[in-house]
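Engineer: Pasting structure_3.txt below, which is compact mmCIF, C-alpha atoms.
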```txt
# COMPACT_ATOMS: atom_id res chain seq x y z
CA MET A 63 0.00 0.00 0.00
CA ALA A 64 1.39 3.38 -0.95
CA ALA A 65 2.01 6.04 1.66
CA LEU A 66 1.64 9.78 1.14
CA LEU A 67 4.37 11.75 2.91
CA LEU A 68 3.98 15.49 3.24
CA MET A 69 7.22 17.43 3.10
CA PRO A 70 8.07 21.03 4.07
CA THR A 71 6.18 23.44 1.83
CA TRP A 72 7.65 26.62 0.36
CA ALA A 73 5.51 29.50 -0.79
CA MET A 74 4.49 28.78 -4.38
CA ALA A 75 6.04 25.30 -4.19
CA ASN A 76 4.04 22.31 -3.01
CA THR A 77 6.19 19.24 -2.52
CA PHE A 78 5.08 15.77 -1.52
CA SER A 79 6.15 12.18 -2.04
CA ILE A 80 4.54 8.76 -2.39
CA THR A 81 6.35 5.57 -1.36
CA ASN A 82 5.43 1.88 -1.38
CA ASN A 83 6.50 1.40 2.26
CA GLY A 84 9.40 -0.81 1.21
CA LYS A 85 12.89 -0.58 2.66
CA ALA A 86 14.80 2.51 1.62
CA GLU A 87 17.91 0.46 0.92
CA ASP A 88 15.99 -1.59 -1.67
CA VAL A 89 14.93 1.39 -3.79
CA ALA A 90 16.79 1.48 -7.12
CA THR A 91 14.69 3.95 -9.16
CA ILE A 92 13.07 7.23 -8.11
CA LYS A 93 10.72 9.48 -10.06
CA ILE A 94 10.34 13.27 -9.67
CA SER A 95 7.54 15.21 -11.37
CA PHE A 96 8.12 18.97 -11.75
CA SER A 97 5.28 21.05 -13.16
CA GLY A 98 4.72 24.77 -13.64
CA LEU A 99 6.99 27.78 -13.89
CA ILE A 100 10.46 27.65 -12.37
CA SER A 101 10.89 29.90 -9.34
CA GLY A 102 13.48 30.26 -6.61
CA ASN A 103 11.27 28.34 -4.21
CA LYS A 104 10.63 25.47 -6.62
CA SER A 105 14.32 25.30 -7.50
CA ALA A 106 15.11 25.03 -3.78
CA ALA A 107 12.42 22.36 -3.46
CA LEU A 108 14.07 20.26 -6.17
CA GLN A 109 17.47 20.65 -4.55
CA SER A 110 15.99 19.56 -1.22
CA VAL A 111 14.45 16.49 -2.87
CA LEU A 112 17.79 15.57 -4.46
CA ASP A 113 19.55 15.90 -1.10
CA GLU A 114 16.93 13.71 0.54
CA ILE A 115 17.31 11.07 -2.17
CA ASN A 116 21.10 11.06 -1.75
CA GLN A 117 20.82 10.70 2.01
CA ARG A 118 17.83 8.36 2.36
CA TYR A 119 17.99 6.16 -0.74
CA VAL A 120 21.72 5.52 -0.72
CA ASN A 121 21.50 2.45 -2.98
CA SER A 122 19.33 4.07 -5.63
CA LYS A 123 20.87 4.23 -9.09
CA LYS A 124 18.58 6.26 -11.32
CA ILE A 125 16.40 9.36 -11.01
CA TYR A 126 13.75 10.16 -13.61
CA LEU A 127 12.84 13.86 -13.66
CA TYR A 128 9.59 14.54 -15.55
CA LEU A 129 9.35 18.18 -16.61
CA ASN A 130 6.25 20.07 -17.74
CA SER A 131 7.19 23.75 -17.65
CA ASP A 132 6.90 26.85 -19.83
CA GLY A 133 10.08 28.25 -18.26
CA GLY A 134 10.53 30.79 -15.48
CA ASN A 135 13.43 32.32 -13.60
CA LEU A 136 16.76 31.69 -15.36
CA ASP A 137 18.94 31.90 -12.25
CA SER A 138 16.76 29.33 -10.52
CA ALA A 139 16.80 27.12 -13.61
CA LEU A 140 20.61 27.24 -13.70
CA ALA A 141 20.73 26.23 -10.03
CA MET A 142 18.54 23.22 -10.90
CA TYR A 143 20.88 22.35 -13.78
CA TYR A 144 23.95 22.22 -11.53
CA ALA A 145 22.12 20.40 -8.73
CA LEU A 146 21.05 17.67 -11.17
CA ARG A 147 24.55 17.37 -12.60
CA SER A 148 26.03 17.16 -9.11
CA THR A 149 24.00 14.23 -7.77
CA ASN A 150 25.73 10.85 -7.64
CA LYS A 151 22.74 9.17 -9.30
CA GLN A 152 22.15 8.72 -13.01
CA VAL A 153 19.68 11.41 -14.04
CA VAL A 154 17.18 10.86 -16.84
CA THR A 155 15.24 13.99 -17.74
CA VAL A 156 11.91 13.55 -19.52
CA ASN A 157 9.82 16.13 -21.38
CA GLN A 158 6.35 15.11 -20.28
CA SER A 159 4.44 17.68 -22.34
CA MET A 160 6.25 21.01 -22.73
CA VAL A 161 9.79 22.11 -21.94
CA ALA A 162 10.26 25.74 -22.93
CA SER A 163 12.65 28.61 -22.32
CA ALA A 164 14.41 28.33 -18.92
CA ALA A 165 13.07 24.79 -18.42
CA THR A 166 15.42 23.59 -21.15
CA LEU A 167 18.33 24.14 -18.73
CA PRO A 168 17.42 21.44 -16.17
CA TYR A 169 16.32 19.24 -19.06
CA CYS A 170 19.82 19.48 -20.53
CA ALA A 171 21.31 18.26 -17.24
CA GLY A 172 20.20 14.67 -17.88
CA GLN A 173 22.73 12.04 -18.91
CA GLU A 174 19.74 10.63 -20.80
CA ARG A 175 17.13 13.03 -22.17
CA ILE A 176 13.82 11.47 -23.11
CA VAL A 177 10.84 13.16 -24.74
CA LEU A 178 7.35 11.70 -24.70
CA LYS A 179 6.01 11.28 -28.20
CA GLU A 180 3.64 14.27 -28.41
CA ALA A 181 5.69 16.63 -26.21
CA ASN A 182 7.34 19.79 -27.53
CA PHE A 183 10.20 22.20 -26.86
CA ILE A 184 10.55 25.97 -27.31
CA ILE A 185 13.91 27.74 -27.46
CA HIS A 186 13.94 31.53 -27.53
CA PRO A 187 16.07 34.51 -26.40
CA ALA A 188 16.31 35.50 -22.77
CA GLN A 189 13.73 38.05 -21.74
CA MET A 190 13.34 40.63 -18.98
CA ASP A 191 10.26 42.04 -17.32
CA SER A 192 9.22 45.41 -18.73
CA ILE A 193 11.01 48.37 -17.20
CA ALA A 194 8.53 49.97 -14.80
CA ASP A 195 10.62 53.10 -14.28
CA LYS A 196 9.19 55.92 -16.41
CA ASN A 197 12.57 57.68 -16.46
CA ILE A 198 14.29 55.34 -18.89
CA THR A 199 17.86 56.36 -19.66
CA PRO A 200 20.44 55.01 -22.12
CA ALA A 201 22.34 53.58 -19.16
CA LYS A 202 19.28 51.63 -17.99
CA LEU A 203 18.69 50.28 -21.49
CA ALA A 204 22.36 49.28 -21.72
CA THR A 205 22.09 47.48 -18.39
CA ALA A 206 19.04 45.56 -19.61
CA GLN A 207 20.86 44.62 -22.82
CA ASN A 208 23.86 43.44 -20.81
CA TYR A 209 21.67 41.19 -18.67
CA ILE A 210 19.94 39.72 -21.71
CA GLY A 211 23.28 39.16 -23.40
CA MET A 212 24.64 37.42 -20.31
CA TYR A 213 21.70 35.02 -20.15
CA ASN A 214 21.83 34.32 -23.88
CA ARG A 215 25.51 33.36 -23.47
CA MET A 216 24.44 31.00 -20.71
CA PHE A 217 21.90 29.40 -23.07
CA ARG A 218 24.55 29.05 -25.79
CA ASN A 219 27.12 27.47 -23.45
CA ILE A 220 24.67 24.86 -22.20
CA TYR A 221 23.04 24.13 -25.55
CA GLN A 222 26.40 23.37 -27.12
CA HIS A 223 26.65 20.37 -24.78
CA CYS A 224 23.13 19.02 -25.38
CA THR A 225 22.30 19.89 -29.00
CA ASP A 226 24.02 19.83 -32.38
CA PHE A 227 22.86 23.28 -33.45
CA SER A 228 25.63 25.27 -35.08
CA ALA A 229 26.80 28.58 -33.63
CA GLY A 230 25.03 30.36 -36.45
CA GLU A 231 21.75 28.54 -35.80
CA MET A 232 21.95 29.36 -32.10
CA ASP A 233 22.79 33.01 -32.79
CA LYS A 234 19.72 33.25 -35.01
CA ALA A 235 17.38 31.56 -32.50
CA LEU A 236 18.67 33.61 -29.58
CA GLY A 237 19.02 36.84 -31.54
CA SER A 238 15.34 37.55 -32.10
CA ASP A 239 12.11 36.25 -30.64
CA ASP A 240 10.82 36.03 -34.22
CA ASN A 241 13.31 33.19 -34.77
CA ARG A 242 12.41 31.11 -31.73
CA LEU A 243 12.55 27.36 -32.28
CA TYR A 244 9.55 25.08 -31.92
CA LEU A 245 10.75 21.49 -31.74
CA THR A 246 8.66 18.33 -31.90
CA SER A 247 9.91 15.16 -30.29
CA GLU A 248 11.30 14.02 -33.64
CA ALA A 249 13.09 17.34 -34.23
CA ALA A 250 14.53 17.30 -30.72
CA LEU A 251 15.90 13.81 -31.33
CA GLN A 252 17.30 14.87 -34.70
CA HIS A 253 19.18 17.79 -33.11
CA LYS A 254 20.33 15.68 -30.12
CA LEU A 255 18.43 17.76 -27.58
CA ALA A 256 16.67 14.48 -26.80
CA THR A 257 18.44 11.14 -26.76
CA GLY A 258 15.27 9.07 -27.06
CA ILE A 259 11.49 9.10 -27.53
CA ASP A 260 9.05 7.17 -25.36
CA ASP A 261 5.27 6.82 -25.12
CA LYS A 262 4.89 5.95 -21.45
CA MET A 263 6.15 6.91 -18.01
CA VAL A 264 8.21 4.67 -15.77
CA ALA A 265 6.90 3.11 -12.57
CA ALA A 266 8.97 3.74 -9.44
CA PRO A 267 8.61 2.72 -5.77
CA VAL A 268 9.26 6.34 -4.70
CA SER A 269 7.79 9.40 -6.43
CA TYR A 270 8.16 13.08 -5.61
CA PHE A 271 5.93 15.88 -6.92
CA ILE A 272 6.85 19.56 -7.09
CA THR A 273 3.99 21.82 -8.14
CA ASP A 274 2.68 25.36 -7.72
```
Please express what this file holds, its structure, as structure tokens.
Structural biologist:
Amino acid sequence: MAALLLMPTWAMANTFSITNNGKAEDVATIKISFSGLISGNKSAALQSVLDEINQRYVNSKKIYLYLNSDGGNLDSALAMYYALRSTNKQVVTVNQSMVASAATLPYCAGQERIVLKEANFIIHPAQMDSIADKNITPAKLATAQNYIGMYNRMFRNIYQHCTDFSAGEMDKALGSDDNRLYLTSEAALQHKLATGIDDKMVAAPVSYFITD
């Protein structure tokens, strides 16, 4: 019989887990489901889950991270990327329905990157919230451009390790929102963003859920 375990809850991040009441040392595979926009709180929630897995399920070998996200905060997404790459488990990231914008960063952290058959990806330039200050100056515009350029470089550096897009193709996609990329599962596989396509989810004795 499965057990529902409530975990600490962050504002805008609900986290809970379901286990089969088996012995922790017998767990080999763990599933995490992450849905919604990426925020600082949800990034911290994922990092907390990864730490718990490393400490409690010491014999586990593989983590499946199912992502369904339109993006969100880029700094928080980068923190997720490094946390996933730093765990001592094999990480398989899975596009469950949509992986867009900042959500492509944690997706790229997987040693294996699976996409469900009808799922899609969106790659586009970094964006900033509109400038609320009515007194816009050239210096403020330059600062905004510098931030956007910094985040676009971050996208380029990570994409070069998880896609086969040329530098020119990446410059075009990240240079204008009009050139954003919409990738089907087949296109993602073709460009090596995904390493495989599946039509079902895995079963695991331990599952975590991170939601809004």
Engineer: Pick out the closest residue to Asp240 in chain A from this set: A:Lys104, A:Arg218, A:Lys124, A:His186. Count all atoms listed in the file.
Structural biologist: A:His186
Engineer: Using Å and a single decimal, report how far CA of Ile184 in chain A sits from CA of Ala75 in chain A.
Structural biologist: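 So the answer is 23.6 Å.
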Engineer: What's around range 267-269 of chain A at 12 Å? Count all atoms listed in the file, leave out sequence neighbours fewer than 5 positions away in its own chain, and write the answer as a PyMOL selection string.
Structural biologist: chain A and resi 63-67+77-96+111-112+114-115+118-119+122+124-128
Engineer: State, in Å with one decimal place, the distance from CA of Ser101 in chain A to CA of Val177 in chain A.
Structural biologist: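 So the two atoms, CA of Ser101 in chain A and CA of Val177 in chain A, lie 22.7 Å apart.
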Engineer: Work out how far apart CA of Val153 in chain A and CA of Tyr169 in chain A are and give it in Å to one decimal.
Structural biologist: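 Between these atoms lies a distance of 9.9 Å.
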Engineer: Counting only C-alpha atoms, what is within 12 Å of Tyr143 in chain A, bar same-chain residues fewer than 4 positions away, as number ranges by chain?
Structural biologist: A: 100, 105-106, 108-109, 112, 127, 136-139, 147-149, 153, 155, 164-173, 216-217, 220
Engineer: Give me the box for range 79-98 of chain A as JSON, namely the centre and edge lengths in Å to one decimal of a box along x, y and z that holds every listed atom plus 4 Å on each side.
Structural biologist:
```
{"center_x": 11.2, "center_y": 11.6, "center_z": -5.5, "size_x": 21.4, "size_y": 34.4, "size_z": 24.3}
```
Engineer: Looking at all atoms listed in the file, which of A:Pro200, A:Gly237, A:Gly230, A:Gly98 is the one that sits closest to Ala188 in chain A?
Structural biologist: A:Gly237
Engineer: Set the distance at 10 Å and use only C-alpha atoms: which residues neighbour Gly258 in chain A once local chain neighbours fewer than 3 positions away are removed? I'd like the list as a PyMOL selection string.
Structural biologist: chain A and resi 156+174-179+247-248+250-252+254-255
Engineer: Can you list, as number ranges by chain, every protein, DNA or RNA residue that comes within 7 Å of Ala181 in chain A when you count all atoms listed in the file, leaving out same-chain residues fewer than 4 positions away?
Structural biologist: A: 157-160, 177, 246-247
Engineer: Could you write out that same residue set with C-alpha atoms as a PDB file, in the coordinates of the input?
Structural biologist:
```pdb
ATOM      1  CA  ASN A 157       9.820  16.130 -21.380  1.00  0.00           C
ATOM      2  CA  GLN A 158       6.350  15.110 -20.280  1.00  0.00           C
ATOM      3  CA  SER A 159       4.440  17.680 -22.340  1.00  0.00           C
ATOM      4  CA  MET A 160       6.250  21.010 -22.730  1.00  0.00           C
ATOM      5  CA  VAL A 177      10.840  13.160 -24.740  1.00  0.00           C
ATOM      6  CA  THR A 246       8.660  18.330 -31.900  1.00  0.00           C
ATOM      7  CA  SER A 247       9.910  15.160 -30.290  1.00  0.00           C
TER       8      SER A 247
END
```
Engineer: Which of these residues is nearest to Asp274 in chain A, using only C-alpha atoms: A:Ser110, A:Gln117, A:Asn130, A:Gln152?
Structural biologist: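 Residue with the minimum atom-to-atom distance to Asp274 in chain A: A:Asn130.
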Engineer: So, with all atoms listed in the file as the atoms that count, which of A:Leu99, A:Ala201, A:Val264, A:Ala141 lies closest to Leu129 in chain A?
Structural biologist: A:Leu99
Engineer: Counting all atoms listed in the file, figure out which residue out of A:Asn182, A:Thr273, A:Gln189, A:Asn121 gets nearest to Ile210 in chain A.
Structural biologist: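 Answer, going by the shortest atom-to-atom distance: A:Gln189.
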Engineer: Could range 108-126 of chain A be completed with N, CA and C atoms and returned as a PDB file, in the coordinates of the input?
Structural biologist:
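And here is the file that came out, part13.pdb:
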```pdb
ATOM      1  N   LEU A 108      13.422  21.349  -5.443  1.00  0.00           N
ATOM      2  CA  LEU A 108      14.070  20.260  -6.170  1.00  0.00           C
ATOM      3  C   LEU A 108      15.409  19.911  -5.540  1.00  0.00           C
ATOM      4  N   GLN A 109      16.184  20.923  -5.167  1.00  0.00           N
ATOM      5  CA  GLN A 109      17.470  20.650  -4.550  1.00  0.00           C
ATOM      6  C   GLN A 109      17.308  19.913  -3.224  1.00  0.00           C
ATOM      7  N   SER A 110      16.272  20.261  -2.474  1.00  0.00           N
ATOM      8  CA  SER A 110      15.990  19.560  -1.220  1.00  0.00           C
ATOM      9  C   SER A 110      15.623  18.098  -1.476  1.00  0.00           C
ATOM     10  N   VAL A 111      14.819  17.858  -2.514  1.00  0.00           N
ATOM     11  CA  VAL A 111      14.450  16.490  -2.870  1.00  0.00           C
ATOM     12  C   VAL A 111      15.681  15.685  -3.265  1.00  0.00           C
ATOM     13  N   LEU A 112      16.572  16.277  -4.056  1.00  0.00           N
ATOM     14  CA  LEU A 112      17.790  15.570  -4.460  1.00  0.00           C
ATOM     15  C   LEU A 112      18.658  15.240  -3.254  1.00  0.00           C
ATOM     16  N   ASP A 113      18.771  16.178  -2.310  1.00  0.00           N
ATOM     17  CA  ASP A 113      19.550  15.900  -1.100  1.00  0.00           C
ATOM     18  C   ASP A 113      18.918  14.771  -0.295  1.00  0.00           C
ATOM     19  N   GLU A 114      17.593  14.780  -0.201  1.00  0.00           N
ATOM     20  CA  GLU A 114      16.930  13.710   0.540  1.00  0.00           C
ATOM     21  C   GLU A 114      17.153  12.355  -0.132  1.00  0.00           C
ATOM     22  N   ILE A 115      17.072  12.325  -1.452  1.00  0.00           N
ATOM     23  CA  ILE A 115      17.310  11.070  -2.170  1.00  0.00           C
ATOM     24  C   ILE A 115      18.731  10.566  -1.908  1.00  0.00           C
ATOM     25  N   ASN A 116      19.708  11.460  -1.973  1.00  0.00           N
ATOM     26  CA  ASN A 116      21.100  11.060  -1.750  1.00  0.00           C
ATOM     27  C   ASN A 116      21.328  10.528  -0.343  1.00  0.00           C
ATOM     28  N   GLN A 117      20.606  11.090   0.628  1.00  0.00           N
ATOM     29  CA  GLN A 117      20.820  10.700   2.010  1.00  0.00           C
ATOM     30  C   GLN A 117      19.963   9.499   2.430  1.00  0.00           C
ATOM     31  N   ARG A 118      18.733   9.420   1.914  1.00  0.00           N
ATOM     32  CA  ARG A 118      17.830   8.360   2.360  1.00  0.00           C
ATOM     33  C   ARG A 118      17.914   7.117   1.491  1.00  0.00           C
ATOM     34  N   TYR A 119      18.009   7.304   0.184  1.00  0.00           N
ATOM     35  CA  TYR A 119      17.990   6.160  -0.740  1.00  0.00           C
ATOM     36  C   TYR A 119      19.404   5.961  -1.296  1.00  0.00           C
ATOM     37  N   VAL A 120      20.284   5.549  -0.403  1.00  0.00           N
ATOM     38  CA  VAL A 120      21.720   5.520  -0.720  1.00  0.00           C
ATOM     39  C   VAL A 120      22.051   4.494  -1.808  1.00  0.00           C
ATOM     40  N   ASN A 121      21.227   3.475  -1.978  1.00  0.00           N
ATOM     41  CA  ASN A 121      21.500   2.450  -2.980  1.00  0.00           C
ATOM     42  C   ASN A 121      20.790   2.700  -4.305  1.00  0.00           C
ATOM     43  N   SER A 122      20.033   3.780  -4.388  1.00  0.00           N
ATOM     44  CA  SER A 122      19.330   4.070  -5.630  1.00  0.00           C
ATOM     45  C   SER A 122      20.328   4.404  -6.726  1.00  0.00           C
ATOM     46  N   LYS A 123      19.968   4.052  -7.955  1.00  0.00           N
ATOM     47  CA  LYS A 123      20.870   4.230  -9.090  1.00  0.00           C
ATOM     48  C   LYS A 123      20.400   5.298 -10.076  1.00  0.00           C
ATOM     49  N   LYS A 124      19.088   5.432 -10.221  1.00  0.00           N
ATOM     50  CA  LYS A 124      18.580   6.260 -11.320  1.00  0.00           C
ATOM     51  C   LYS A 124      17.433   7.143 -10.842  1.00  0.00           C
ATOM     52  N   ILE A 125      17.468   8.405 -11.273  1.00  0.00           N
ATOM     53  CA  ILE A 125      16.400   9.360 -11.010  1.00  0.00           C
ATOM     54  C   ILE A 125      15.787   9.787 -12.336  1.00  0.00           C
ATOM     55  N   TYR A 126      14.474   9.651 -12.456  1.00  0.00           N
ATOM     56  CA  TYR A 126      13.750  10.160 -13.610  1.00  0.00           C
ATOM     57  C   TYR A 126      13.098  11.487 -13.212  1.00  0.00           C
TER      58      TYR A 126
END
```
